[in-house]
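final.cif (mmCIF, C-alpha atoms) appears below.
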data_data
loop_
_atom_site.label_atom_id
_atom_site.label_comp_id
_atom_site.auth_asym_id
_atom_site.auth_seq_id
_atom_site.Cartn_x
_atom_site.Cartn_y
_atom_site.Cartn_z
CA ARG X 21 23.97 -51.96 -34.06
CA GLY X 22 24.89 -55.18 -35.87
CA ASP X 23 21.30 -56.13 -36.69
CA GLY X 24 21.73 -56.65 -40.40
CA HIS X 25 20.61 -53.17 -41.51
CA GLY X 26 22.09 -52.94 -45.00
CA ARG X 27 24.97 -55.23 -44.12
CA HIS X 28 26.39 -58.05 -46.24
CA PRO X 29 29.68 -59.85 -45.64
CA GLY X 30 32.40 -58.48 -47.89
CA LYS X 31 30.24 -55.67 -49.28
CA ALA X 32 30.38 -52.00 -48.39
CA PRO X 33 27.66 -50.98 -45.92
CA THR X 34 24.61 -49.44 -47.57
CA THR X 35 23.40 -47.29 -44.66
CA LEU X 36 25.09 -44.35 -42.98
CA GLN X 37 24.98 -45.92 -39.51
CA ASP X 38 26.61 -49.15 -40.66
CA ALA X 39 29.29 -47.29 -42.62
CA ALA X 40 30.03 -45.04 -39.64
CA GLU X 41 30.03 -47.93 -37.19
CA ARG X 42 32.57 -49.82 -39.26
CA SER X 43 35.03 -46.96 -38.73
CA GLY X 44 34.20 -46.79 -35.01
CA ARG X 45 32.01 -43.71 -35.24
CA VAL X 46 28.41 -42.60 -34.97
CA PHE X 47 26.29 -40.93 -37.61
CA GLY X 48 23.37 -39.20 -35.94
CA ALA X 49 20.38 -36.98 -36.55
CA ALA X 50 18.53 -34.40 -34.53
CA ALA X 51 15.00 -35.72 -34.05
CA THR X 52 11.81 -34.15 -32.74
CA GLN X 53 9.09 -35.98 -30.85
CA VAL X 54 6.27 -34.24 -32.77
CA HIS X 55 7.31 -36.01 -36.00
CA MET X 56 7.59 -39.49 -34.50
CA GLU X 57 4.06 -40.35 -35.62
CA GLU X 58 5.14 -40.01 -39.26
CA ALA X 59 6.08 -43.40 -40.71
CA ASP X 60 8.60 -42.16 -43.30
CA TYR X 61 10.33 -40.03 -40.67
CA VAL X 62 10.73 -42.92 -38.22
CA ARG X 63 11.69 -45.39 -40.94
CA THR X 64 14.46 -43.11 -42.22
CA LEU X 65 15.68 -42.30 -38.73
CA ASN X 66 15.84 -45.96 -37.72
CA ARG X 67 17.46 -47.18 -40.93
CA GLU X 68 20.21 -44.60 -41.32
CA PHE X 69 21.25 -43.28 -37.92
CA ASN X 70 22.87 -44.80 -34.83
CA GLN X 71 22.71 -41.68 -32.68
CA LEU X 72 19.85 -39.35 -31.83
CA THR X 73 19.96 -35.77 -30.52
CA PRO X 74 16.67 -34.37 -29.19
CA GLU X 75 16.27 -31.15 -31.18
CA ASN X 76 14.33 -29.17 -28.55
CA GLU X 77 13.05 -31.57 -25.91
CA MET X 78 15.97 -31.24 -23.48
CA LYS X 79 16.23 -27.43 -23.60
CA TRP X 80 15.57 -25.50 -20.40
CA GLU X 81 12.19 -24.04 -21.45
CA THR X 82 10.92 -27.61 -21.82
CA THR X 83 12.70 -29.42 -18.98
CA GLU X 84 12.21 -26.78 -16.24
CA PRO X 85 9.47 -24.42 -17.47
CA ALA X 86 8.74 -23.27 -13.91
CA ARG X 87 11.27 -23.15 -11.12
CA GLY X 88 11.74 -26.56 -9.56
CA GLN X 89 9.11 -28.13 -11.82
CA PHE X 90 10.62 -30.59 -14.26
CA ASN X 91 9.08 -32.05 -17.38
CA PHE X 92 10.95 -34.92 -19.00
CA GLU X 93 8.11 -36.56 -20.89
CA PRO X 94 8.91 -35.43 -24.48
CA ALA X 95 12.62 -36.19 -24.09
CA ASP X 96 11.89 -39.50 -22.31
CA GLN X 97 9.93 -40.64 -25.36
CA LEU X 98 12.88 -39.96 -27.67
CA VAL X 99 15.33 -41.62 -25.29
CA ALA X 100 13.08 -44.69 -25.10
CA HIS X 101 12.90 -44.85 -28.90
CA ALA X 102 16.69 -44.59 -29.14
CA LYS X 103 17.12 -47.39 -26.62
CA LYS X 104 14.71 -49.63 -28.51
CA GLU X 105 16.62 -48.99 -31.76
CA ARG X 106 20.02 -49.30 -30.04
CA MET X 107 20.94 -45.72 -30.87
CA LYS X 108 23.18 -43.61 -28.67
CA VAL X 109 21.74 -40.36 -27.35
CA HIS X 110 23.50 -36.98 -27.40
CA GLY X 111 21.93 -34.70 -24.78
CA HIS X 112 21.27 -31.12 -25.89
CA VAL X 113 21.56 -28.86 -23.89
CA LEU X 114 22.03 -28.08 -20.17
CA VAL X 115 23.01 -24.38 -20.20
CA TRP X 116 22.16 -22.02 -23.07
CA HIS X 117 20.92 -18.45 -23.18
CA SER X 118 18.34 -19.22 -25.87
CA GLN X 119 15.15 -21.26 -25.39
CA LEU X 120 15.64 -20.54 -21.70
CA ALA X 121 12.66 -20.60 -19.36
CA PRO X 122 11.64 -16.92 -18.90
CA TRP X 123 11.78 -17.13 -15.09
CA VAL X 124 15.55 -17.64 -15.20
CA ASN X 125 16.09 -14.22 -16.80
CA GLU X 126 14.31 -12.58 -13.86
CA ILE X 127 17.01 -13.64 -11.38
CA THR X 128 19.21 -10.75 -10.24
CA ASP X 129 21.46 -12.34 -7.61
CA ARG X 130 24.71 -14.10 -8.53
CA ASP X 131 24.60 -16.81 -5.89
CA GLU X 132 20.95 -17.52 -6.59
CA LEU X 133 21.57 -17.99 -10.31
CA LEU X 134 24.58 -20.22 -9.65
CA SER X 135 22.43 -22.34 -7.34
CA VAL X 136 19.60 -22.48 -9.91
CA MET X 137 22.03 -23.51 -12.67
CA ARG X 138 23.59 -26.25 -10.54
CA ASN X 139 20.16 -27.50 -9.49
CA HIS X 140 18.94 -27.60 -13.10
CA ILE X 141 21.99 -29.60 -14.19
CA ALA X 142 21.72 -31.95 -11.19
CA ASN X 143 18.09 -32.71 -12.00
CA VAL X 144 18.27 -32.95 -15.79
CA ALA X 145 21.61 -34.73 -16.12
CA GLY X 146 20.73 -36.78 -13.04
CA HIS X 147 17.44 -37.89 -14.59
CA TYR X 148 19.30 -39.24 -17.65
CA ARG X 149 22.31 -40.65 -15.79
CA GLY X 150 23.42 -43.83 -17.52
CA LYS X 151 21.16 -43.27 -20.52
CA LEU X 152 23.15 -40.71 -22.53
CA HIS X 153 26.57 -40.92 -24.15
CA GLN X 154 27.26 -37.18 -24.34
CA TRP X 155 25.90 -33.91 -23.02
CA ASP X 156 26.23 -30.49 -24.57
CA VAL X 157 26.86 -28.89 -21.19
CA VAL X 158 27.20 -25.30 -22.38
CA ASN X 159 26.16 -24.01 -25.81
CA GLU X 160 27.19 -20.85 -27.70
CA ALA X 161 28.97 -19.01 -24.89
CA PHE X 162 31.10 -16.85 -27.21
CA ASP X 163 29.88 -13.98 -29.37
CA ASP X 164 30.63 -13.25 -33.03
CA SER X 165 32.66 -10.09 -32.48
CA PRO X 166 36.21 -9.92 -33.88
CA GLN X 167 37.42 -10.35 -30.29
CA ALA X 168 35.16 -13.42 -29.73
CA ASN X 169 34.21 -12.21 -26.27
CA ARG X 170 32.08 -14.16 -23.85
CA ARG X 171 28.48 -13.67 -24.92
CA ALA X 172 26.61 -11.27 -22.62
CA THR X 173 24.07 -13.77 -21.28
CA ILE X 174 22.35 -13.85 -17.90
CA PHE X 175 24.90 -16.49 -16.82
CA GLN X 176 27.93 -14.51 -17.97
CA ASN X 177 26.63 -11.19 -16.65
CA LEU X 178 25.70 -12.42 -13.17
CA ILE X 179 28.06 -15.33 -12.47
CA GLY X 180 31.03 -14.29 -14.63
CA ASP X 181 33.58 -16.29 -16.60
CA GLU X 182 33.55 -19.21 -14.19
CA TYR X 183 29.96 -20.18 -14.95
CA ILE X 184 31.10 -22.51 -17.76
CA ALA X 185 33.56 -24.38 -15.55
CA GLU X 186 30.92 -24.55 -12.80
CA ALA X 187 28.42 -26.03 -15.25
CA PHE X 188 30.88 -28.75 -16.30
CA LYS X 189 31.66 -29.60 -12.67
CA ALA X 190 27.94 -29.87 -11.90
CA ALA X 191 27.40 -32.09 -14.96
CA ARG X 192 30.19 -34.43 -13.87
CA ARG X 193 28.69 -34.69 -10.38
CA ALA X 194 25.34 -35.58 -11.94
CA ASP X 195 26.70 -38.12 -14.43
CA ARG X 196 30.12 -39.68 -13.99
CA LYS X 197 30.16 -41.47 -17.33
CA ALA X 198 28.62 -39.24 -20.01
CA GLU X 199 31.06 -37.32 -22.19
CA LEU X 200 30.78 -33.61 -21.43
CA CYS X 201 30.97 -31.31 -24.46
CA TYR X 202 31.22 -27.61 -25.19
CA ASN X 203 29.20 -26.84 -28.35
CA ASP X 204 29.22 -23.77 -30.63
CA TYR X 205 28.72 -22.51 -34.19
CA ASN X 206 31.22 -20.76 -36.47
CA ILE X 207 34.08 -22.67 -34.81
CA ASP X 208 34.40 -25.18 -37.66
CA GLY X 209 37.55 -23.55 -39.03
CA ILE X 210 40.44 -21.73 -37.37
CA ASN X 211 39.27 -18.20 -36.55
CA PRO X 212 39.07 -15.86 -33.53
CA LYS X 213 35.99 -17.63 -32.15
CA SER X 214 37.45 -21.14 -32.41
CA ASP X 215 40.71 -19.74 -30.98
CA ALA X 216 38.76 -18.50 -27.94
CA VAL X 217 37.12 -21.91 -27.48
CA TYR X 218 40.48 -23.62 -27.95
CA ALA X 219 42.03 -21.42 -25.24
CA MET X 220 39.15 -22.22 -22.88
CA VAL X 221 39.43 -25.99 -23.44
CA LYS X 222 43.20 -25.84 -22.96
CA ASP X 223 42.69 -23.92 -19.71
CA PHE X 224 40.05 -26.42 -18.51
CA LYS X 225 42.36 -29.36 -19.21
CA ARG X 226 45.18 -27.62 -17.34
CA ARG X 227 42.95 -26.90 -14.33
CA GLY X 228 41.25 -30.28 -14.25
CA VAL X 229 37.80 -28.97 -15.20
CA PRO X 230 35.96 -32.03 -16.55
CA ILE X 231 35.60 -31.53 -20.32
CA ASP X 232 35.67 -34.49 -22.69
CA CYS X 233 34.61 -33.17 -26.07
CA VAL X 234 34.02 -30.19 -28.32
CA GLY X 235 31.06 -29.94 -30.67
CA LEU X 236 31.56 -28.08 -33.94
CA GLN X 237 27.99 -27.37 -35.00
CA GLY X 238 28.61 -27.21 -38.75
CA HIS X 239 25.74 -24.95 -39.81
CA LEU X 240 27.42 -24.13 -43.12
CA ILE X 241 26.64 -22.31 -46.35
CA LEU X 242 27.06 -23.86 -49.79
CA GLY X 243 30.59 -23.28 -51.07
CA SER X 244 31.97 -21.99 -47.75
CA VAL X 245 33.25 -25.00 -45.84
CA PRO X 246 36.40 -23.74 -44.06
CA ALA X 247 39.52 -24.96 -45.86
CA ASP X 248 41.19 -25.65 -42.51
CA ILE X 249 38.39 -27.66 -40.91
CA ARG X 250 40.60 -30.74 -40.62
CA GLN X 251 43.47 -28.81 -39.03
CA ASN X 252 40.99 -27.30 -36.59
CA ILE X 253 39.66 -30.73 -35.60
CA GLU X 254 43.24 -31.94 -35.19
CA ARG X 255 44.25 -29.13 -32.85
CA PHE X 256 41.31 -29.77 -30.55
CA ALA X 257 42.05 -33.51 -30.61
CA LYS X 258 45.63 -32.79 -29.52
CA LEU X 259 44.26 -31.17 -26.36
CA GLY X 260 42.95 -34.61 -25.39
CA VAL X 261 39.26 -34.11 -26.15
CA ASN X 262 37.03 -35.88 -28.64
CA VAL X 263 35.46 -33.86 -31.43
CA TYR X 264 31.97 -34.20 -32.85
CA ILE X 265 30.32 -32.46 -35.79
CA THR X 266 27.08 -31.90 -33.92
CA GLU X 267 24.57 -29.98 -36.06
CA LEU X 268 25.64 -30.37 -39.68
CA ASP X 269 23.60 -28.83 -42.45
CA ILE X 270 24.74 -27.03 -45.59
CA ARG X 271 22.17 -24.54 -46.83
CA MET X 272 21.73 -23.12 -50.31
CA PRO X 273 19.57 -20.51 -52.05
CA THR X 274 16.34 -22.28 -52.95
CA PRO X 275 15.09 -23.83 -55.12
CA PRO X 276 17.85 -26.44 -55.42
CA THR X 277 19.26 -27.19 -58.88
CA PRO X 278 21.35 -30.17 -60.00
CA GLU X 279 24.42 -27.90 -59.90
CA LYS X 280 23.75 -26.74 -56.34
CA LEU X 281 23.04 -30.29 -55.19
CA ALA X 282 26.32 -31.48 -56.70
CA ALA X 283 28.20 -28.66 -54.95
CA GLN X 284 26.45 -29.55 -51.70
CA ALA X 285 27.49 -33.19 -52.11
CA ALA X 286 31.11 -32.05 -52.50
CA ASP X 287 30.82 -29.89 -49.37
CA TYR X 288 29.41 -32.78 -47.32
CA ARG X 289 32.27 -34.94 -48.59
CA THR X 290 34.78 -32.33 -47.40
CA VAL X 291 33.30 -32.17 -43.89
CA VAL X 292 32.93 -35.93 -43.47
CA SER X 293 36.44 -36.51 -44.86
CA ALA X 294 37.88 -34.06 -42.33
CA CYS X 295 36.24 -35.92 -39.47
CA VAL X 296 37.16 -39.46 -40.51
CA ALA X 297 40.77 -38.37 -41.05
CA VAL X 298 41.16 -37.62 -37.31
CA ARG X 299 41.02 -40.49 -34.86
CA ARG X 300 39.40 -38.43 -32.11
CA CYS X 301 36.62 -37.12 -34.37
CA LYS X 302 34.08 -39.64 -33.15
CA GLY X 303 30.90 -38.76 -34.96
CA ILE X 304 28.75 -36.57 -37.16
CA THR X 305 25.16 -35.52 -36.57
CA VAL X 306 22.98 -33.82 -39.19
CA TRP X 307 20.54 -31.28 -37.79
CA GLY X 308 17.37 -32.99 -38.90
CA VAL X 309 16.21 -36.08 -40.73
CA THR X 310 14.66 -34.34 -43.74
CA ASP X 311 14.54 -30.97 -45.51
CA LYS X 312 10.80 -31.06 -44.84
CA TYR X 313 11.36 -30.09 -41.21
CA SER X 314 14.67 -28.20 -41.33
CA TRP X 315 15.00 -25.08 -39.18
CA VAL X 316 16.85 -23.27 -41.99
CA PRO X 317 14.02 -21.70 -44.08
CA ASP X 318 12.42 -20.18 -40.98
CA PHE X 319 15.66 -18.46 -39.96
CA PHE X 320 17.14 -17.79 -43.41
CA PRO X 321 14.27 -16.95 -45.80
CA GLY X 322 15.08 -17.98 -49.37
CA GLU X 323 17.57 -20.61 -48.20
CA GLY X 324 17.17 -24.27 -47.36
CA ALA X 325 17.57 -27.78 -48.83
CA ALA X 326 20.35 -28.15 -46.27
CA LEU X 327 20.11 -31.83 -45.33
CA ILE X 328 20.84 -35.17 -47.02
CA PHE X 329 17.22 -36.30 -47.45
CA ASP X 330 14.83 -34.10 -49.42
CA GLU X 331 11.27 -33.20 -48.41
CA ASN X 332 10.04 -36.57 -49.72
CA TYR X 333 12.76 -38.54 -47.87
CA ALA X 334 14.62 -39.22 -51.11
CA LYS X 335 18.40 -39.57 -50.84
CA LYS X 336 20.13 -36.48 -52.24
CA PRO X 337 23.58 -36.44 -53.87
CA ALA X 338 24.95 -35.38 -50.46
CA TYR X 339 23.69 -38.65 -48.99
CA PHE X 340 25.71 -40.68 -51.48
CA SER X 341 28.89 -38.60 -51.09
CA THR X 342 28.58 -38.97 -47.31
CA LEU X 343 28.05 -42.74 -47.49
CA GLU X 344 30.96 -43.18 -49.89
CA THR X 345 33.27 -41.13 -47.66
CA LEU X 346 32.29 -43.09 -44.54
CA ASN X 347 32.87 -46.33 -46.41
CA LYS X 348 36.40 -45.24 -47.33
CA ALA X 349 37.28 -44.47 -43.70
CA ARG X 350 39.71 -46.78 -42.00
CA ARG X 351 38.70 -48.12 -38.63
CA ARG X 352 40.41 -46.09 -35.92
#
This entry written out as structure tokens:
Amino acid sequence: RGDGHGRHPGKAPTTLQDAAERSGRVFGAAATQVHMEEADYVRTLNREFNQLTPENEMKWETTEPARGQFNFEPADQLVAHAKKERMKVHGHVLVWHSQLAPWVNEITDRDELLSVMRNHIANVAGHYRGKLHQWDVVNEAFDDSPQANRRATIFQNLIGDEYIAEAFKAARRADRKAELCYNDYNIDGINPKSDAVYAMVKDFKRRGVPIDCVGLQGHLILGSVPADIRQNIERFAKLGVNVYITELDIRMPTPPTPEKLAAQAADYRTVVSACVAVRRCKGITVWGVTDKYSWVPDFFPGEGAALIFDENYAKKPAYFSTLETLNKARRR
């Protein structure tokens, strides 16, 4: 965004976005429209990040709450803000079983659901054609069983295995230029679930199904960053897709202590180092601007402090380890 944010000739960049940009990458945050009236929130978002992911505003329950009735207003506001600040936008998400409009789950006919899914993608991705850099086309389609089966969602149960490929084809028809990503959690390291995703991506590439990227969410727990995260990123990259860390946060038992914050900083360093070591790992997004509004405490009571800015927007040790690691990255 070359507008002088924290940039001095010959000196290391002093913001995350400038440090990331220098190595040819993005450093993003999930943002929510309801907090955009808060000055500290907007100031931090604008200063540090060169990509924005709408946290909830592009999910089906918001964009098509009733059949054939589309509501883009909340997402449009975030996209307009990103454009004004010269941030890229990562669209999230076209097809997901959660935060789905209730009417979709009432469909009982395969062909009807396939038509509804294609229509939703055509309208939502079509509305943002030319305005987004990536789409999470399908999110969390594999379960957490040892076999990493396809998750038993309305889409899987009615349409079958091909619904994912059909969603990607529909997204490509709607937007020829946006990168199309598959996104999931617990696929950060090499394990049965990431193996299943890997096999799917390999199959899609072989069959010419349009897939451009894989999103490793990165919802991690203090002290448990997979040791093989870099090797996992590398194997996906070798399939000819870009890789993004899409929803990074590293939660800890609260309250935070200096020791836990130092361990968290080391974990962030590990994840960021793994990405910048692989040419096709093109960016990292943290799932929220500040601990104040993180999703973690609501879903994991007694845990939190997962982001790089605390509840008062102060930079945590993890911020500095992340900045330092980005600044060490070679341009690729």
Report task. Step by step, work through what the PyMOL selection byres ((chain X and resi 112-123) around 9) selects in the shown file, and finish by giving those residues as a VMD selection string. Result -> chain X and resid 73 to 87 110 to 111 124 to 127 137 140 to 141 144 to 145 154 to 161 173 to 175 184 187 191
Residues near segment 163-165 of chain X, anyone? I mean within 10 Å using all atoms listed in the file, not counting same-chain ones fewer than 3 positions away, as a PyMOL selection string.
chain X and resi 160+168-173+204-206+212-213
Per residue of segment 139-228 of chain X within 12 Å of segment 289-312 of chain X, what are the shortest atom pair and its distance in Å to one decimal, counting only C-alpha atoms, with rows by chain and residue number, as a tab-separated table?
residue	atom	partner	partner_atom	distance
X:His153	CA	X:Lys302	CA	11.8
X:Gln154	CA	X:Gly303	CA	11.3
X:Glu199	CA	X:Lys302	CA	11.6
X:Asp208	CA	X:Val291	CA	9.4
X:Gly209	CA	X:Val291	CA	10.8
Pull out every residue that the PyMOL selection byres ((chain X and resi 333) around 12) matches in the shown coordinates and put them as a PyMOL selection string. chain X and resi 58-65+68+308-313+325+327-332+334-336+339
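In terms of minimum interatomic distance to Pro275 of chain X, X:Glu323 ranks closest within X:Asp287, X:Glu41, X:Glu132, X:Glu323, counting all atoms listed in the file.
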What would the file be for segment 263-284 of chain X if you keep N, CA, C and O atoms and write it as an mmCIF file, in the first residue's frame?
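Dumped everything to selection04.cif:
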data_model
loop_
_atom_site.group_PDB
_atom_site.id
_atom_site.type_symbol
_atom_site.label_atom_id
_atom_site.label_comp_id
_atom_site.auth_asym_id
_atom_site.auth_seq_id
_atom_site.Cartn_x
_atom_site.Cartn_y
_atom_site.Cartn_z
ATOM 1 N N VAL X 263 -1.163 -21.202 -0.685
ATOM 2 C CA VAL X 263 -1.583 -21.540 0.673
ATOM 3 C C VAL X 263 -1.716 -20.247 1.463
ATOM 4 O O VAL X 263 -0.888 -19.334 1.329
ATOM 5 N N TYR X 264 -2.760 -20.165 2.241
ATOM 6 C CA TYR X 264 -2.961 -19.038 3.153
ATOM 7 C C TYR X 264 -3.223 -19.579 4.553
ATOM 8 O O TYR X 264 -3.914 -20.586 4.715
ATOM 9 N N ILE X 265 -2.646 -18.913 5.553
ATOM 10 C CA ILE X 265 -3.082 -19.130 6.941
ATOM 11 C C ILE X 265 -4.245 -18.164 7.115
ATOM 12 O O ILE X 265 -4.051 -16.945 7.084
ATOM 13 N N THR X 266 -5.454 -18.678 7.272
ATOM 14 C CA THR X 266 -6.640 -17.837 7.078
ATOM 15 C C THR X 266 -7.308 -17.326 8.348
ATOM 16 O O THR X 266 -8.036 -16.336 8.306
ATOM 17 N N GLU X 267 -7.120 -18.012 9.480
ATOM 18 C CA GLU X 267 -7.898 -17.639 10.674
ATOM 19 C C GLU X 267 -7.046 -17.790 11.937
ATOM 20 O O GLU X 267 -7.490 -18.301 12.951
ATOM 21 N N LEU X 268 -5.814 -17.304 11.878
ATOM 22 C CA LEU X 268 -4.850 -17.600 12.938
ATOM 23 C C LEU X 268 -5.225 -16.966 14.269
ATOM 24 O O LEU X 268 -5.495 -15.768 14.360
ATOM 25 N N ASP X 269 -5.282 -17.792 15.288
ATOM 26 C CA ASP X 269 -5.252 -17.322 16.679
ATOM 27 C C ASP X 269 -4.697 -18.462 17.530
ATOM 28 O O ASP X 269 -4.801 -19.632 17.162
ATOM 29 N N ILE X 270 -4.037 -18.104 18.608
ATOM 30 C CA ILE X 270 -3.390 -19.114 19.460
ATOM 31 C C ILE X 270 -3.852 -18.867 20.893
ATOM 32 O O ILE X 270 -3.384 -17.947 21.565
ATOM 33 N N ARG X 271 -4.805 -19.682 21.331
ATOM 34 C CA ARG X 271 -5.471 -19.428 22.611
ATOM 35 C C ARG X 271 -4.718 -20.045 23.775
ATOM 36 O O ARG X 271 -3.954 -20.996 23.616
ATOM 37 N N MET X 272 -4.976 -19.476 24.947
ATOM 38 C CA MET X 272 -4.313 -19.936 26.174
ATOM 39 C C MET X 272 -5.323 -19.932 27.318
ATOM 40 O O MET X 272 -6.350 -19.241 27.248
ATOM 41 N N PRO X 273 -5.041 -20.687 28.407
ATOM 42 C CA PRO X 273 -5.868 -20.549 29.596
ATOM 43 C C PRO X 273 -5.713 -19.127 30.136
ATOM 44 O O PRO X 273 -4.593 -18.621 30.243
ATOM 45 N N THR X 274 -6.821 -18.487 30.435
ATOM 46 C CA THR X 274 -6.762 -17.113 30.947
ATOM 47 C C THR X 274 -6.785 -17.129 32.467
ATOM 48 O O THR X 274 -7.282 -18.081 33.074
ATOM 49 N N PRO X 275 -6.241 -16.120 33.143
ATOM 50 C CA PRO X 275 -5.651 -14.918 32.554
ATOM 51 C C PRO X 275 -4.249 -15.170 31.986
ATOM 52 O O PRO X 275 -3.559 -16.095 32.426
ATOM 53 N N PRO X 276 -3.832 -14.314 31.026
ATOM 54 C CA PRO X 276 -2.474 -14.450 30.498
ATOM 55 C C PRO X 276 -1.429 -14.060 31.539
ATOM 56 O O PRO X 276 -1.706 -13.223 32.396
ATOM 57 N N THR X 277 -0.285 -14.693 31.483
ATOM 58 C CA THR X 277 0.863 -14.344 32.335
ATOM 59 C C THR X 277 2.021 -14.005 31.403
ATOM 60 O O THR X 277 1.990 -14.350 30.221
ATOM 61 N N PRO X 278 3.065 -13.357 31.922
ATOM 62 C CA PRO X 278 4.231 -13.097 31.069
ATOM 63 C C PRO X 278 4.787 -14.371 30.423
ATOM 64 O O PRO X 278 5.200 -14.352 29.261
ATOM 65 N N GLU X 279 4.749 -15.493 31.174
ATOM 66 C CA GLU X 279 5.274 -16.750 30.636
ATOM 67 C C GLU X 279 4.417 -17.248 29.471
ATOM 68 O O GLU X 279 4.927 -17.674 28.428
ATOM 69 N N LYS X 280 3.101 -17.185 29.652
ATOM 70 C CA LYS X 280 2.205 -17.640 28.578
ATOM 71 C C LYS X 280 2.319 -16.738 27.348
ATOM 72 O O LYS X 280 2.302 -17.214 26.209
ATOM 73 N N LEU X 281 2.456 -15.444 27.587
ATOM 74 C CA LEU X 281 2.571 -14.510 26.457
ATOM 75 C C LEU X 281 3.874 -14.726 25.690
ATOM 76 O O LEU X 281 3.909 -14.595 24.461
ATOM 77 N N ALA X 282 4.933 -15.073 26.427
ATOM 78 C CA ALA X 282 6.209 -15.366 25.758
ATOM 79 C C ALA X 282 6.096 -16.651 24.938
ATOM 80 O O ALA X 282 6.607 -16.732 23.809
ATOM 81 N N ALA X 283 5.419 -17.656 25.491
ATOM 82 C CA ALA X 283 5.223 -18.913 24.756
ATOM 83 C C ALA X 283 4.357 -18.675 23.516
ATOM 84 O O ALA X 283 4.608 -19.236 22.446
ATOM 85 N N GLN X 284 3.344 -17.825 23.665
ATOM 86 C CA GLN X 284 2.486 -17.499 22.530
ATOM 87 C C GLN X 284 3.293 -16.789 21.429
ATOM 88 O O GLN X 284 3.124 -17.074 20.242
#
